[in-house]
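One file, work06.txt, is given below (compact mmCIF, C-alpha atoms).
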# COMPACT_ATOMS: atom_id res chain seq x y z
CA MET A 17 131.93 58.87 90.46
CA ALA A 18 133.83 60.98 92.99
CA LYS A 19 131.96 64.07 91.85
CA LYS A 20 128.61 62.29 92.33
CA VAL A 21 129.55 61.21 95.84
CA GLU A 22 130.80 64.68 96.65
CA THR A 23 127.59 66.24 95.29
CA LYS A 24 125.52 63.82 97.38
CA VAL A 25 127.46 64.70 100.53
CA VAL A 26 127.02 68.41 99.85
CA LYS A 27 123.28 67.95 99.32
CA THR A 28 123.01 65.92 102.53
CA GLU A 29 124.87 68.61 104.45
CA GLU A 30 122.66 71.30 102.93
CA LYS A 31 119.55 69.31 103.85
CA ASN A 32 120.73 68.80 107.44
CA ALA A 33 121.61 72.48 107.73
CA GLU A 34 118.15 73.50 106.49
CA VAL A 35 116.18 71.10 108.67
CA ALA A 36 118.41 71.77 111.68
CA ALA A 37 117.32 75.39 111.44
CA LEU A 38 113.69 74.37 112.03
CA SER A 39 112.17 75.10 115.43
CA ILE A 40 111.60 72.30 117.95
CA GLU A 41 107.86 72.63 117.38
CA GLU A 42 108.27 72.21 113.62
CA LYS A 43 110.54 69.19 114.11
CA LEU A 44 108.03 67.57 116.46
CA LYS A 45 105.20 68.23 114.00
CA LEU A 46 107.18 66.52 111.25
CA LEU A 47 108.03 63.55 113.49
CA TYR A 48 104.42 63.17 114.65
CA HIS A 49 103.20 63.41 111.03
CA LEU A 50 105.74 60.76 110.02
CA GLN A 51 104.51 58.55 112.87
CA GLN A 52 100.90 58.92 111.71
CA ILE A 53 101.79 57.85 108.16
CA ASP A 54 103.91 54.92 109.37
CA THR A 55 101.06 53.81 111.64
CA LYS A 56 98.68 53.77 108.66
CA ILE A 57 101.17 51.68 106.68
CA ASP A 58 101.57 49.33 109.69
CA LYS A 59 97.79 48.83 109.88
CA ILE A 60 97.56 48.06 106.16
CA ARG A 61 100.33 45.48 106.44
CA ILE A 62 98.80 43.95 109.56
CA ILE A 63 95.38 43.57 107.90
CA ARG A 64 96.91 42.15 104.75
CA GLY A 65 99.25 40.01 106.85
CA GLU A 66 96.46 38.39 108.88
CA LEU A 67 94.19 37.45 105.98
CA PRO A 68 96.65 35.14 104.18
CA LEU A 69 97.23 33.36 107.49
CA GLU A 70 93.48 33.00 108.01
CA VAL A 71 93.09 31.61 104.47
CA GLN A 72 96.00 29.20 105.07
CA ASP A 73 94.48 28.07 108.38
CA LEU A 74 91.17 27.36 106.63
CA GLU A 75 92.95 25.45 103.84
CA ASP A 76 94.78 23.36 106.46
CA GLU A 77 91.54 22.72 108.34
CA ILE A 78 89.75 21.65 105.14
CA ALA A 79 92.63 19.31 104.30
CA MET A 80 92.47 17.84 107.82
CA LEU A 81 88.69 17.35 107.55
CA LYS A 82 89.11 15.66 104.15
CA THR A 83 91.69 13.30 105.64
CA ARG A 84 89.30 12.42 108.47
CA LYS A 85 86.46 11.84 105.98
CA ASP A 86 88.70 9.66 103.79
CA ASN A 87 89.77 7.63 106.84
CA HIS A 88 86.14 6.99 107.81
CA GLU A 89 85.32 5.93 104.24
CA ILE A 90 88.35 3.62 104.08
CA ASN A 91 87.36 2.17 107.45
CA ASN A 92 83.82 1.50 106.16
CA LYS A 93 85.18 -0.33 103.11
CA GLU A 94 87.36 -2.47 105.37
CA LEU A 95 84.42 -3.18 107.67
CA ALA A 96 82.23 -4.10 104.68
CA LYS A 97 84.90 -6.61 103.58
CA LYS A 98 84.99 -8.09 107.10
CA ILE A 99 81.19 -8.40 107.13
CA ASP A 100 81.40 -10.38 103.86
CA GLU A 101 84.05 -12.60 105.46
CA TYR A 102 81.84 -13.11 108.52
CA LYS A 103 78.90 -14.06 106.28
CA LYS A 104 81.05 -16.54 104.38
CA ALA A 105 82.31 -17.96 107.69
CA ILE A 106 78.72 -18.30 108.97
CA ASN A 107 77.71 -20.13 105.77
CA SER A 108 80.72 -22.41 106.16
CA ASN A 109 79.85 -22.99 109.86
CA ASN A 110 76.22 -23.82 108.96
CA SER A 111 77.39 -26.25 106.29
CA LEU A 112 79.61 -28.00 108.83
CA ILE A 113 76.78 -28.12 111.39
CA LYS A 114 74.50 -29.69 108.78
CA LYS A 115 77.24 -32.19 107.90
CA TYR A 116 77.90 -33.07 111.57
CA LYS A 117 74.18 -33.48 112.29
CA GLU A 118 73.89 -35.91 109.37
CA GLN A 119 76.87 -37.83 110.76
CA LEU A 120 75.12 -38.03 114.15
CA MET A 121 72.54 -40.27 112.53
CA ASN A 122 75.22 -42.87 111.83
CA VAL A 123 77.38 -42.79 114.98
CA ARG A 124 78.58 -46.13 116.29
CA ASN A 125 79.44 -45.20 119.84
CA ASN A 126 79.19 -42.46 122.48
CA ARG A 127 82.68 -41.25 121.80
CA GLU A 128 81.83 -40.36 118.18
CA TYR A 129 78.55 -38.81 119.33
CA ASP A 130 80.30 -36.59 121.93
CA SER A 131 82.95 -35.57 119.42
CA LEU A 132 80.37 -34.54 116.81
CA THR A 133 78.26 -32.75 119.41
CA LYS A 134 81.27 -30.72 120.53
CA GLU A 135 82.04 -29.82 116.90
CA ILE A 136 78.46 -28.64 116.42
CA GLU A 137 78.63 -26.56 119.60
CA PHE A 138 81.96 -25.08 118.48
CA GLN A 139 80.56 -24.12 115.07
CA GLU A 140 77.51 -22.59 116.73
CA LEU A 141 79.81 -20.49 118.98
CA GLU A 142 81.74 -19.45 115.88
CA ILE A 143 78.47 -18.36 114.28
CA GLN A 144 77.52 -16.35 117.39
CA LEU A 145 80.93 -14.66 117.40
CA ALA A 146 80.69 -13.86 113.68
CA GLU A 147 77.16 -12.49 114.13
CA LYS A 148 78.34 -10.34 117.06
CA LYS A 149 81.26 -8.97 115.02
CA THR A 150 78.93 -8.35 112.08
CA LYS A 151 76.58 -6.39 114.33
CA GLU A 152 79.46 -4.37 115.80
CA SER A 153 80.80 -3.65 112.31
CA LEU A 154 77.38 -2.49 111.10
CA ILE A 155 77.08 -0.17 114.11
CA GLN A 156 80.58 1.19 113.41
CA ILE A 157 79.69 1.74 109.74
CA GLU A 158 76.59 3.75 110.73
CA GLU A 159 78.63 5.80 113.21
CA ASN A 160 81.22 6.48 110.49
CA LYS A 161 78.46 7.55 108.10
CA VAL A 162 77.17 10.03 110.69
CA GLN A 163 80.70 11.40 111.14
CA ILE A 164 81.21 11.61 107.36
CA GLU A 165 78.03 13.67 106.93
CA LYS A 166 79.02 15.94 109.80
CA ILE A 167 82.49 16.41 108.32
CA LYS A 168 80.99 17.19 104.89
CA VAL A 169 78.88 19.95 106.47
CA ASP A 170 81.96 21.31 108.30
CA MET A 171 83.99 21.20 105.10
CA GLU A 172 81.28 23.04 103.19
CA ASP A 173 81.16 25.74 105.89
CA ARG A 174 84.96 26.12 105.90
CA GLU A 175 85.09 26.24 102.09
CA LYS A 176 82.46 28.99 102.00
CA GLU A 177 84.35 30.92 104.68
CA MET A 178 87.63 30.44 102.80
CA GLN A 179 86.09 31.71 99.54
CA ILE A 180 84.86 34.84 101.35
CA LYS A 181 88.31 35.37 102.88
CA GLN A 182 90.00 34.86 99.51
CA VAL A 183 87.74 37.45 97.85
CA GLU A 184 88.34 39.81 100.77
CA LEU A 185 92.10 39.24 100.51
CA THR A 186 92.07 39.95 96.77
CA GLU A 187 90.08 43.14 97.26
CA ILE A 188 92.19 44.35 100.18
CA SER A 189 95.45 43.53 98.40
CA SER A 190 94.26 45.50 95.37
CA GLU A 191 93.00 48.46 97.41
CA THR A 192 95.81 48.63 99.94
CA ALA A 193 98.57 48.29 97.35
CA ILE A 194 97.59 51.67 95.88
CA GLU A 195 97.12 53.28 99.31
CA GLU A 196 100.38 51.84 100.63
CA LYS A 197 102.29 53.11 97.60
CA ARG A 198 100.87 56.60 98.16
CA LEU A 199 101.74 56.52 101.86
CA VAL A 200 105.28 55.29 101.21
CA LYS A 201 105.83 58.27 98.88
CA GLU A 202 104.46 60.53 101.61
CA VAL A 203 106.87 58.99 104.12
CA GLU A 204 109.84 59.67 101.82
CA HIS A 205 108.70 63.26 101.31
CA CYS A 206 108.32 63.71 105.07
CA LYS A 207 111.73 62.17 105.81
CA ALA A 208 113.35 64.59 103.36
CA ASN A 209 112.44 67.40 105.79
CA ILE A 210 113.74 65.70 108.94
CA GLU A 211 117.40 65.75 109.90
CA ASP A 212 119.24 62.44 109.82
CA ARG A 213 119.99 62.17 113.54
CA LEU A 214 116.28 62.47 114.36
CA LEU A 215 115.37 59.92 111.68
CA THR A 216 117.94 57.52 113.09
CA ALA A 217 116.55 57.94 116.61
CA TYR A 218 112.97 57.61 115.33
CA SER A 219 113.75 54.39 113.42
CA ARG A 220 115.62 52.93 116.40
CA ILE A 221 112.70 53.60 118.75
CA ARG A 222 110.16 52.17 116.28
CA LYS A 223 112.14 48.94 116.04
CA SER A 224 112.51 48.65 119.82
CA VAL A 225 108.81 49.01 120.71
CA ARG A 226 106.16 46.39 120.02
CA ASN A 227 103.49 48.61 118.44
CA GLY A 228 105.88 50.70 116.33
CA LEU A 229 104.91 53.95 118.07
CA ALA A 230 108.02 56.08 118.41
CA VAL A 231 106.15 59.40 118.86
CA VAL A 232 103.26 59.52 121.33
CA THR A 233 101.13 62.09 123.12
CA ILE A 234 100.63 62.67 126.84
CA GLU A 235 97.34 61.20 128.02
CA ARG A 236 96.17 62.01 131.55
CA ASN A 237 99.65 63.13 132.56
CA ALA A 238 101.13 59.84 131.35
CA CYS A 239 103.03 58.55 128.33
CA ALA A 240 100.52 57.13 125.82
CA GLY A 241 103.07 54.49 124.90
CA CYS A 242 103.94 52.90 128.25
CA PHE A 243 101.35 54.67 130.50
CA ASN A 244 103.93 55.78 133.06
CA LYS A 245 103.45 59.19 134.68
CA ILE A 246 105.36 62.12 133.18
CA PRO A 247 106.87 64.57 135.73
CA PRO A 248 105.24 68.05 135.68
CA GLN A 249 108.53 69.73 134.72
CA HIS A 250 108.87 67.45 131.67
CA GLN A 251 105.29 68.20 130.70
CA LEU A 252 106.05 71.91 130.87
CA ASP A 253 109.17 71.47 128.72
CA ILE A 254 107.11 69.52 126.19
CA THR A 255 104.46 72.24 125.89
CA ASN A 256 107.11 74.99 125.68
CA TYR A 257 108.92 73.22 122.81
CA LYS A 258 112.33 74.09 124.28
CA LYS A 259 113.77 70.67 123.46
CA ILE A 260 112.73 67.23 122.32
CA ILE A 261 111.69 65.20 125.37
CA VAL A 262 111.65 61.39 125.49
CA CYS A 263 109.86 59.21 128.04
CA GLU A 264 112.36 58.18 130.72
CA PHE A 265 110.65 54.77 130.97
CA CYS A 266 110.16 53.62 127.35
CA GLY A 267 112.28 56.10 125.38
CA ARG A 268 109.47 57.27 123.09
CA ILE A 269 109.42 60.86 121.83
CA LEU A 270 106.68 62.86 123.60
CA VAL A 271 104.43 65.55 122.10
CA ASP A 272 101.59 67.50 123.68
CA LYS A 273 97.99 66.90 122.62
CA GLN A 274 97.63 70.41 121.24
CA LEU A 275 100.42 69.87 118.72
CA ALA A 276 99.13 66.40 117.92
CA GLY A 277 95.60 67.72 117.43
CA ALA A 278 96.75 70.50 115.12
CA GLU A 279 98.87 68.09 113.10
CA THR A 280 96.01 65.57 112.84
CA GLU A 281 93.66 68.26 111.52
CA HIS A 282 96.34 69.35 109.05
CA SER A 283 96.73 65.75 107.87

Encoded form (structure tokens):
Amino acid sequence: MAKKVETKVVKTEEKNAEVAALSIEEKLKLLYHLQQIDTKIDKIRIIRGELPLEVQDLEDEIAMLKTRKDNHEINNKELAKKIDEYKKAINSNNSLIKKYKEQLMNVRNNREYDSLTKEIEFQELEIQLAEKKTKESLIQIEENKVQIEKIKVDMEDREKEMQIKQVELTEISSETAIEEKRLVKEVEHCKANIEDRLLTAYSRIRKSVRNGLAVVTIERNACAGCFNKIPPQHQLDITNYKKIIVCEFCGRILVDKQLAGAETEHS
């Protein structure tokens, strides 16, 4: 085990010695190339990362629409039961009215007559109230039916959209898995030619910036990462490849467009 560790250390030292001997320009080309590959991998993961969320959002929306539809249907069943109760109540009220009117024919005094008349009026009011509630319930049932049909259309649209997204996700996952695997291998190959201290700095910068861009070009005399102006002297140092220059505002590694262009064409 000790021999293996020792061999690994020797190989690491040999690698660092070899890559340390590279010129600044060559080191920057390697870093910029690594950034380009990592950016491609980031884009693949972002695309693949958004689609499952979109599919999940559609599934949640469909579930919510189904719940709303079910609630309207349950409400309609309850309203239908109430309408039956109102009809039964109206029949009972009519029976009582008929009974009280028959009793009016045999009243013996005004007191009995007034009492029966009031009962008839009360039953008639009960009928009016039941008829009003029946009408309101019927209106509510029709409104629920309209909402149910609208929800069904919305659900159908969402289900079609979700199916398209699911097919797209399957295709992208299949396609990008192969491409991502190839790019990851390319990253490892590229890292093998970059000294450890630069890789450490590169990884640290990538983690600290939102878009993952650790190596950027100069655009219109400004850092393409944070858009702050780069002093002329720093620009000159960058184009002369005397040392690796980082943006004093965001800490990103800066390369000139000529090097970036040449590396892009090479890629």

Compare A:Ser224, A:Ser189, A:Gln156, A:Gln249 by their minimum atom-to-atom distance to Ile99 of chain A, counting only C-alpha atoms, and give me the closest one.
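Of A:Ser224, A:Ser189, A:Gln156, A:Gln249, the one nearest Ile99 of chain A is A:Gln156, counting only C-alpha atoms.
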
**Item:** Nearest to Ile143 of chain A by atom-to-atom distance, counting only C-alpha atoms, from A:Lys104, A:His250, A:Arg61, A:Arg213
**Value:**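 Smallest separation from Ile143 of chain A among the options: A:Lys104.
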
Nearby residues, (105.9, 52.8, 121.9) file frame, 12 Å, all atoms listed in the file, as JSON, numbers by chain: {"A": [51, 55, 218, 219, 220, 221, 222, 223, 224, 225, 226, 227, 228, 229, 230, 231, 232, 233, 239, 240, 241, 242, 243, 244, 262, 263, 265, 266, 267, 268, 269, 270]}

Open item on the list: Give me the residues near Tyr129 of chain A as a list in words, where near means some atom within 12 Å (using only C-alpha atoms) and where sequence neighbours in that chain fewer than 5 positions away do not count.
Closed with: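 Neighbouring residues, sequence-local ones excluded: Tyr116, Lys117, Glu118, Gln119, Leu120, Met121, Asn122, Val123, Arg124, Lys134, Glu135 and Ile136 of chain A.
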
task = Counting only C-alpha atoms, figure out which residue out of A:Lys201, A:Lys59, A:Lys258, A:Lys97 gets nearest to Leu44 of chain A.
result =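 Ranking A:Lys201, A:Lys59, A:Lys258, A:Lys97 by distance to Leu44 of chain A, first place goes to A:Lys258.
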
Please report as a tab-separated table every residue of segment 165-199 of chain A lying within 8 Å of segment 64-80 of chain A, along with the nearest atom pair and their distance in Å (one decimal), using all atoms listed in the file.
residue	atom	partner	partner_atom	distance
A:Met171	CA	A:Ile78	CA	5.8
A:Arg174	CA	A:Leu74	CA	6.4
A:Glu175	CA	A:Ile78	CA	7.2
A:Glu177	CA	A:Leu74	CA	7.9
A:Met178	CA	A:Val71	CA	5.8
A:Lys181	CA	A:Val71	CA	6.3
A:Gln182	CA	A:Val71	CA	6.7
A:Leu185	CA	A:Leu67	CA	6.1
A:Ile188	CA	A:Arg64	CA	6.9
A:Ser189	CA	A:Arg64	CA	6.7

task = For atom CA of Ile60 of chain A and atom CA of Ala238 of chain A, determine how far apart the two atoms are, in Å to one decimal place.
result =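 Atom CA of Ile60 of chain A sits 28.0 Å away from atom CA of Ala238 of chain A.
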
Of the listed residues A:Lys45, A:Arg84, A:Lys93, A:Lys103, that which approaches Thr150 of chain A most closely, counting only C-alpha atoms: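 Comparing A:Lys45, A:Arg84, A:Lys93, A:Lys103 against Thr150 of chain A, the winner is A:Lys103.
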
Of A:Ile194, A:Ile234, A:Ile260, A:Ile40, the one sitting nearest Gln274 of chain A when using all atoms listed in the file is A:Ile234

Here atom CA of Lys82 of chain A and atom CA of Glu159 of chain A stand apart by 17.0 Å

- Query: Expressed in Å to a single decimal, how great is the separation between atom CA of Lys56 of chain A and atom CA of Ala37 of chain A?
  - Reply: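 So the answer is 28.7 Å.
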
Would you mind telling me which residue in A:Ile167, A:Val271, A:Leu199, A:Leu154 lies nearest to Thr255 of chain A when using only C-alpha atoms?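 Nearest candidate to Thr255 of chain A out of A:Ile167, A:Val271, A:Leu199, A:Leu154: A:Val271.
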